[in-house]
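Contents: one structure, followed by commentary.
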Amino acid sequence: MAKAICRVLALDCEVVGSVADGGAVLEAAQRLLPDVIVIDLNLPNVSGLEACRQITQVNPEAKVIVFTAMNDPDVKRRSFEVGASAFVFKGAGDDDLVSTIKRLCVD
Amino acid sequence: MRSVRGRFQCAAALVGLLVLSAASSEAQPSVQQVLVLQSFDRGNLVADFFTGHFRVELDQRAGTPVNVVQVVVGPTGFVGAPEREVVDYIRSTFTDRPKPNLILTVGGPAAVFARKHRAQLFPDTPLLFATVDERFLRDAHLGENETAVAVLNDYSQVIEEILQLLPDTKQVFMVMGSGLLSKFWRQEFEEGFRRFHDRLTFVWSEELSLSEILRHSANLPRHSAIFYLTFGTDAQGAAYADDRVLADLHATANAPLFGMQSVYFGSGVVGGTMMSIDNLASNTADVALRLLNGAPPRSINVPPQRPGQPIFDWRELQRWGIAESRLPAGSVVHYRSPSLWSEYKFTFFSAAGALVVQSLLILGLLYQRRARQRAELDSRRNLALAADVNRRQTMAALTGSIAHELVQPLSSITHNAKALQMMVAANRATPETIDEILSDIRTEGIQATQTIDRHRAMLRSRQLNRSPIDLHGVIHESLALIAHDMRARQIEAIVSLSSSPCVITGDQVLLGQVLVNLVMNAIDAMAETPPASRRVTICTEVRAGDVEVSVRDNGTGLPAQIMGTLFTPFVTTKANGLGIGLTIAQTIVEAHGGTIEAHNNPEGGATFTVILRRSEPKILSGPPNAA
């Protein structure tokens, strides 16, 4: 999944890294200082929401996009509460994630 | 007129003497003395039976003791001894004792002897002629001090009865021994039977030995009969008892045997109008008592006894095929074998009763068996329904997981397709990249298909469908179904499976349902457990005859109040649970011949253990899928 997203993003953006662990995403966020971080909520070790909260606390400039299969209003609300800049449902159209990244970069 | 008396005098010339019961040397005056003159030695059935019964009757009726002295004066007695010596011997017997109070003769020869020597044989003593043919008395009238209990034998009636029973009879073999007595009777019979000569031929036995008689009896022509009078001695002078001769004749003869004396009845004779020796003995004892009590002999006049009611031996009638319809009116049939019905009536009723009871029991058992089969069928149907409900409920609870499981590969496919499309549009797609992306798309597609198949199988209604399955594969499949939920709830699954093949005969989907239920219960039980400690451990242990699967958690453990009712329907600790999951699990396991039990772990949490019978590995259900 991450590999497919990286392929799409790589056509318009520079993908600086890809990790598969809740703990690793915190380390990568501090080390790579990306403009946009795309994060799944269902991650090993540290959940996506907790990772989002810690990233936005450490690096408020980072734009965190919660990219999840859980199309739940409550999850979406909690995502924004912990500092997420956007919430994208995985089952949505394939342009949503790219267009959201572009929109956040312009903003 | 031919003199019967004269012939008996000849017979009496051969005199014998036998003292069967002598008085004591010093006779008591109060004892009545009876002198019995026998015509025949022991072995003559008529004389033996008569004498025996006479003595019994006399002893029973006499008020005082009676002493009986018997002497055989007939042809089988002292052969060749002069009669005078016999008379002297008899007189000497009473030299030192009182004279006899009564003289009794038994049979014709003894009667002739007594008459002949009446003057020397205590002429003052009353003389009673017993078992003597009435013809004797017609020829020699009774004296002043004499009386008789005579018989009126009608031997022609026996021949008539033979012809009535067996109308085709052509020959009658007359068996009556040899000697003077037989010569007398042959002449009597030839005269009396003359009227049958147009229908019958009479063959006489007095010139034959017993063995020749038996041989002749065994080879008689068809339509023959045997008339047995008495025997005594054969042509060779050998003496034979009646019962022996009758037994041999009965065993060897090929024709039916007839006789006139009741004592022969039951010994092989067919029967007929017979002279009752019982009655004769009883009547004689009666007269003897009257004489002993002082009654004048002339005052006692007993009419001659005639043959009694016709009696027949049923066994002989059967043996010779004589229909009972041919028997004379008033005949009585003895020795009739009880009919099967009368003999086995009780047995029949007992057997019938037992059969009825047994049949009812069998019917009852069949009814119960059918009811049980129906109940088992219903139970299986209900199990299937309940299992379906439980499975759908479980799958509904996993809806989020299902959606996630499907969204992941579908989203990957979508993004890979988008990336490829953009690469092609930007002319940046190399063959290697295209191949790599298409390969990823295919892998994701397969993953999505497997997810759909797995869930569809669990949602399909089904009956118990046994086949050899790899239980380890079932465990992996089950964990794959709930893998997302476990990740979402931060549950660590530790799978420790036996290295041995774990093949059982069972239903893969239903057993998968059991495992999903147990693992989901374990997950729910760890809701309050810190995430770092949330572990579900699934172990298998393969033994010789069975396999044990355990699902262990480190949650809150099982409440003590439900330990005994854990598998009872509608018992649950979950706020939104129906309480049928474990019931269904138990039913499924038991339907597989297995057991399920649960216990709390000493260090916390609970362990559910399922034991299933193991089968030899034959067909594996395929390689296990990774969780």
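Residue names in the structure tokens use chain letters A, B, ... in the order shown, residue numbers from 1 in each chain, and ligand numbers from 1 in the order shown.
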Just the residues within 12 Å of A:Cys105, please, counting only C-alpha atoms, with nothing from its chain fewer than 3 positions along; format it as a ChimeraX atom specification. /A:12-13,34-37,61-65,85-86,98-102
Select from chain A everything DSSP, run on the backbone, classes as helix (DSSP H, G or I), then give the selection as a PyMOL selection string. chain A and resi 2-10+22-32+48-58+73-81+96-106
With DSSP run on the backbone, what are the strand (DSSP E) residues within stretch 22-72 of chain A? I'd like them as a ChimeraX atom specification. /A:36-39,63-68
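By only C-alpha atoms, and with residues fewer than 5 positions from B:Ile226 along its chain excluded, the set lying at most 10 Å from it is B:Ile162, B:Gln171, B:Val172, B:Phe173, B:Met174, B:Val175, B:Phe202, B:Val203, B:Ser217, B:Leu220, B:Leu249, B:Ala253, B:Asn254, B:Ala255, B:Pro256, B:Leu257, B:Phe258, B:Gly259, B:Val269.
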How would the residues just chosen look if you wrote them out with N, CA and C atoms as an mmCIF file, in the first residue's frame?
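For reference, again_26.cif as written:
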```cif
data_model
loop_
_atom_site.group_PDB
_atom_site.id
_atom_site.type_symbol
_atom_site.label_atom_id
_atom_site.label_comp_id
_atom_site.auth_asym_id
_atom_site.auth_seq_id
_atom_site.Cartn_x
_atom_site.Cartn_y
_atom_site.Cartn_z
ATOM 1 N N ILE B 162 -60.716 -107.565 17.001
ATOM 2 C CA ILE B 162 -59.611 -107.445 16.034
ATOM 3 C C ILE B 162 -60.182 -107.128 14.657
ATOM 4 N N GLN B 171 -55.000 -113.144 9.182
ATOM 5 C CA GLN B 171 -54.352 -114.191 9.962
ATOM 6 C C GLN B 171 -54.178 -113.720 11.411
ATOM 7 N N VAL B 172 -54.385 -114.660 12.340
ATOM 8 C CA VAL B 172 -54.146 -114.355 13.751
ATOM 9 C C VAL B 172 -53.147 -115.376 14.275
ATOM 10 N N PHE B 173 -52.057 -114.860 14.828
ATOM 11 C CA PHE B 173 -51.019 -115.712 15.399
ATOM 12 C C PHE B 173 -51.322 -115.861 16.890
ATOM 13 N N MET B 174 -51.634 -117.083 17.307
ATOM 14 C CA MET B 174 -52.030 -117.342 18.686
ATOM 15 C C MET B 174 -50.790 -117.714 19.493
ATOM 16 N N VAL B 175 -50.415 -116.856 20.414
ATOM 17 C CA VAL B 175 -49.238 -117.102 21.256
ATOM 18 C C VAL B 175 -49.727 -117.493 22.641
ATOM 19 N N PHE B 202 -55.814 -119.184 11.622
ATOM 20 C CA PHE B 202 -55.183 -119.132 12.936
ATOM 21 C C PHE B 202 -53.896 -119.944 12.899
ATOM 22 N N VAL B 203 -52.835 -119.350 13.360
ATOM 23 C CA VAL B 203 -51.532 -120.009 13.424
ATOM 24 C C VAL B 203 -51.198 -120.165 14.896
ATOM 25 N N SER B 217 -43.135 -113.789 14.583
ATOM 26 C CA SER B 217 -43.896 -112.553 14.817
ATOM 27 C C SER B 217 -43.330 -111.392 14.016
ATOM 28 N N LEU B 220 -44.595 -111.804 10.020
ATOM 29 C CA LEU B 220 -45.981 -112.159 9.721
ATOM 30 C C LEU B 220 -46.414 -111.512 8.414
ATOM 31 N N LEU B 249 -42.155 -109.574 22.196
ATOM 32 C CA LEU B 249 -43.126 -109.550 21.091
ATOM 33 C C LEU B 249 -43.380 -108.119 20.615
ATOM 34 N N ALA B 253 -42.465 -107.755 16.822
ATOM 35 C CA ALA B 253 -43.588 -108.141 15.957
ATOM 36 C C ALA B 253 -43.881 -107.070 14.917
ATOM 37 N N ASN B 254 -44.315 -107.535 13.754
ATOM 38 C CA ASN B 254 -44.708 -106.596 12.700
ATOM 39 C C ASN B 254 -46.230 -106.515 12.578
ATOM 40 N N ALA B 255 -46.921 -106.997 13.609
ATOM 41 C CA ALA B 255 -48.384 -106.939 13.615
ATOM 42 C C ALA B 255 -48.843 -106.545 15.011
ATOM 43 N N PRO B 256 -50.040 -105.993 15.122
ATOM 44 C CA PRO B 256 -50.519 -105.549 16.430
ATOM 45 C C PRO B 256 -50.783 -106.718 17.365
ATOM 46 N N LEU B 257 -50.624 -106.434 18.645
ATOM 47 C CA LEU B 257 -50.698 -107.455 19.683
ATOM 48 C C LEU B 257 -51.980 -107.247 20.498
ATOM 49 N N PHE B 258 -52.714 -108.333 20.670
ATOM 50 C CA PHE B 258 -53.952 -108.251 21.454
ATOM 51 C C PHE B 258 -53.887 -109.235 22.608
ATOM 52 N N GLY B 259 -54.603 -108.937 23.675
ATOM 53 C CA GLY B 259 -54.675 -109.824 24.820
ATOM 54 C C GLY B 259 -55.936 -109.484 25.584
ATOM 55 N N VAL B 269 -50.013 -104.376 24.311
ATOM 56 C CA VAL B 269 -51.232 -104.834 23.638
ATOM 57 C C VAL B 269 -52.057 -103.621 23.223
#
```
Leaving out stretch 563-568 of chain B and any residue of its chain fewer than 2 positions from it, which residues lie within 12 Å of it when counting only C-alpha atoms, given as a PyMOL selection string? chain B and resi 557-561+570-573+578-590+595-600+606+608
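Interatomic distance, atom CA of B:Val68 to atom CA of B:Asp48: 14.4 Å.
Closest to chain B among A:Arg78, A:Lys90, A:Arg31, A:Arg103 is A:Lys90, based on only C-alpha atoms.
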Please, which residues of chain B lie no more than 8 Å from chain A when the count uses only C-alpha atoms, and can they be set out as JSON, numbers by chain? {"B": [400, 403, 404, 407, 408, 409, 410, 411, 412, 413, 414, 415, 416, 418, 419, 422, 423, 487, 488, 490]}
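Relative to atom CA of B:Leu385, atom CA of B:Arg466 is found at 17.3 Å.
Compared by their closest atoms to A:Lys76, and using only C-alpha atoms, the residues A:Asp21, A:Thr56, A:Asp96, A:Leu49 rank with A:Leu49 nearest.
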Which residues are close to B:Ile504, i.e. within 12 Å by only C-alpha atoms, leaving aside same-chain residues fewer than 5 positions away? Reply as a JSON list (two decimals) with N, CA and C atoms, in the first residue's frame.
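File produced: out10.json:
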```
[["chain", "number", "residue", "atom", "x", "y", "z"],
["B", 466, "ARG", "N", -17.77, -33.27, 7.19],
["B", 466, "ARG", "CA", -16.48, -33.78, 7.66],
["B", 466, "ARG", "C", -15.56, -34.13, 6.49],
["B", 467, "SER", "N", -14.32, -33.82, 6.68],
["B", 467, "SER", "CA", -13.28, -34.23, 5.73],
["B", 467, "SER", "C", -11.94, -34.09, 6.46],
["B", 468, "PRO", "N", -10.92, -34.77, 5.99],
["B", 468, "PRO", "CA", -9.62, -34.62, 6.65],
["B", 468, "PRO", "C", -9.11, -33.18, 6.48],
["B", 469, "ILE", "N", -8.76, -32.56, 7.58],
["B", 469, "ILE", "CA", -8.29, -31.17, 7.52],
["B", 469, "ILE", "C", -7.06, -31.01, 8.38],
["B", 470, "ASP", "N", -6.26, -30.02, 8.01],
["B", 470, "ASP", "CA", -5.07, -29.70, 8.80],
["B", 470, "ASP", "C", -5.48, -28.63, 9.82],
["B", 471, "LEU", "N", -5.47, -29.00, 11.06],
["B", 471, "LEU", "CA", -5.94, -28.09, 12.11],
["B", 471, "LEU", "C", -5.03, -26.86, 12.21],
["B", 472, "HIS", "N", -3.76, -27.04, 11.91],
["B", 472, "HIS", "CA", -2.86, -25.88, 11.92],
["B", 472, "HIS", "C", -3.28, -24.87, 10.85],
["B", 473, "GLY", "N", -3.70, -25.38, 9.71],
["B", 473, "GLY", "CA", -4.19, -24.49, 8.66],
["B", 473, "GLY", "C", -5.43, -23.75, 9.12],
["B", 474, "VAL", "N", -6.30, -24.43, 9.83],
["B", 474, "VAL", "CA", -7.52, -23.80, 10.35],
["B", 474, "VAL", "C", -7.15, -22.67, 11.31],
["B", 511, "LEU", "N", -14.91, -25.55, 12.70],
["B", 511, "LEU", "CA", -13.81, -25.53, 13.66],
["B", 511, "LEU", "C", -13.11, -24.16, 13.64],
["B", 542, "VAL", "N", 0.15, -32.39, 19.68],
["B", 542, "VAL", "CA", -0.34, -33.58, 18.97],
["B", 542, "VAL", "C", 0.09, -34.81, 19.74],
["B", 543, "ARG", "N", -0.91, -35.60, 20.13],
["B", 543, "ARG", "CA", -0.62, -36.84, 20.86],
["B", 543, "ARG", "C", -0.98, -38.03, 19.98],
["B", 545, "GLY", "N", -3.44, -40.21, 20.05],
["B", 545, "GLY", "CA", -4.82, -40.42, 19.61],
["B", 545, "GLY", "C", -5.60, -39.14, 19.43],
["B", 546, "ASP", "N", -5.05, -38.02, 19.92],
["B", 546, "ASP", "CA", -5.82, -36.80, 19.80],
["B", 546, "ASP", "C", -4.89, -35.60, 19.67],
["B", 547, "VAL", "N", -5.52, -34.48, 19.52],
["B", 547, "VAL", "CA", -4.76, -33.24, 19.43],
["B", 547, "VAL", "C", -5.43, -32.22, 20.33],
["B", 548, "GLU", "N", -4.58, -31.47, 21.04],
["B", 548, "GLU", "CA", -5.10, -30.47, 21.97],
["B", 548, "GLU", "C", -4.77, -29.09, 21.45],
["B", 592, "HIS", "N", -17.88, -33.16, 16.81],
["B", 592, "HIS", "CA", -16.66, -33.77, 16.25],
["B", 592, "HIS", "C", -16.10, -34.86, 17.17],
["B", 593, "GLY", "N", -16.86, -35.18, 18.24],
["B", 593, "GLY", "CA", -16.40, -36.22, 19.17],
["B", 593, "GLY", "C", -15.34, -35.70, 20.12],
["B", 594, "GLY", "N", -15.24, -34.39, 20.25],
["B", 594, "GLY", "CA", -14.20, -33.82, 21.10],
["B", 594, "GLY", "C", -14.75, -33.21, 22.37],
["B", 611, "ILE", "N", -10.01, -30.55, 22.80],
["B", 611, "ILE", "CA", -9.35, -31.82, 22.45],
["B", 611, "ILE", "C", -10.19, -32.51, 21.38],
["B", 612, "LEU", "N", -9.53, -32.84, 20.27],
["B", 612, "LEU", "CA", -10.21, -33.48, 19.15],
["B", 612, "LEU", "C", -9.49, -34.79, 18.81],
["B", 613, "ARG", "N", -10.28, -35.74, 18.37],
["B", 613, "ARG", "CA", -9.67, -37.01, 17.97],
["B", 613, "ARG", "C", -8.81, -36.81, 16.72],
["B", 614, "ARG", "N", -7.70, -37.46, 16.71],
["B", 614, "ARG", "CA", -6.78, -37.31, 15.59],
["B", 614, "ARG", "C", -7.04, -38.39, 14.56],
["B", 615, "SER", "N", -6.86, -38.08, 13.30],
["B", 615, "SER", "CA", -6.93, -39.11, 12.26],
["B", 615, "SER", "C", -5.61, -39.14, 11.54],
["B", 616, "GLU", "N", -5.38, -40.27, 10.86],
["B", 616, "GLU", "CA", -4.12, -40.41, 10.13],
["B", 616, "GLU", "C", -4.06, -39.38, 9.02],
["B", 617, "PRO", "N", -2.92, -38.74, 8.83],
["B", 617, "PRO", "CA", -2.83, -37.74, 7.77],
["B", 617, "PRO", "C", -2.96, -38.39, 6.40],
["B", 618, "LYS", "N", -4.00, -38.03, 5.67],
["B", 618, "LYS", "CA", -4.21, -38.58, 4.33],
["B", 618, "LYS", "C", -4.27, -37.45, 3.31],
["B", 619, "ILE", "N", -5.23, -36.55, 3.57],
["B", 619, "ILE", "CA", -5.40, -35.45, 2.62],
["B", 619, "ILE", "C", -5.25, -34.15, 3.40],
["B", 620, "LEU", "N", -4.34, -33.39, 3.00],
["B", 620, "LEU", "CA", -4.19, -32.09, 3.65],
["B", 620, "LEU", "C", -4.99, -31.07, 2.88],
["B", 621, "SER", "N", -5.46, -30.09, 3.61],
["B", 621, "SER", "CA", -6.31, -29.08, 2.96],
["B", 621, "SER", "C", -5.50, -28.01, 2.26]]
```
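Between atom CA of B:Asp139 and atom CA of B:Ile277 the separation is 23.5 Å.
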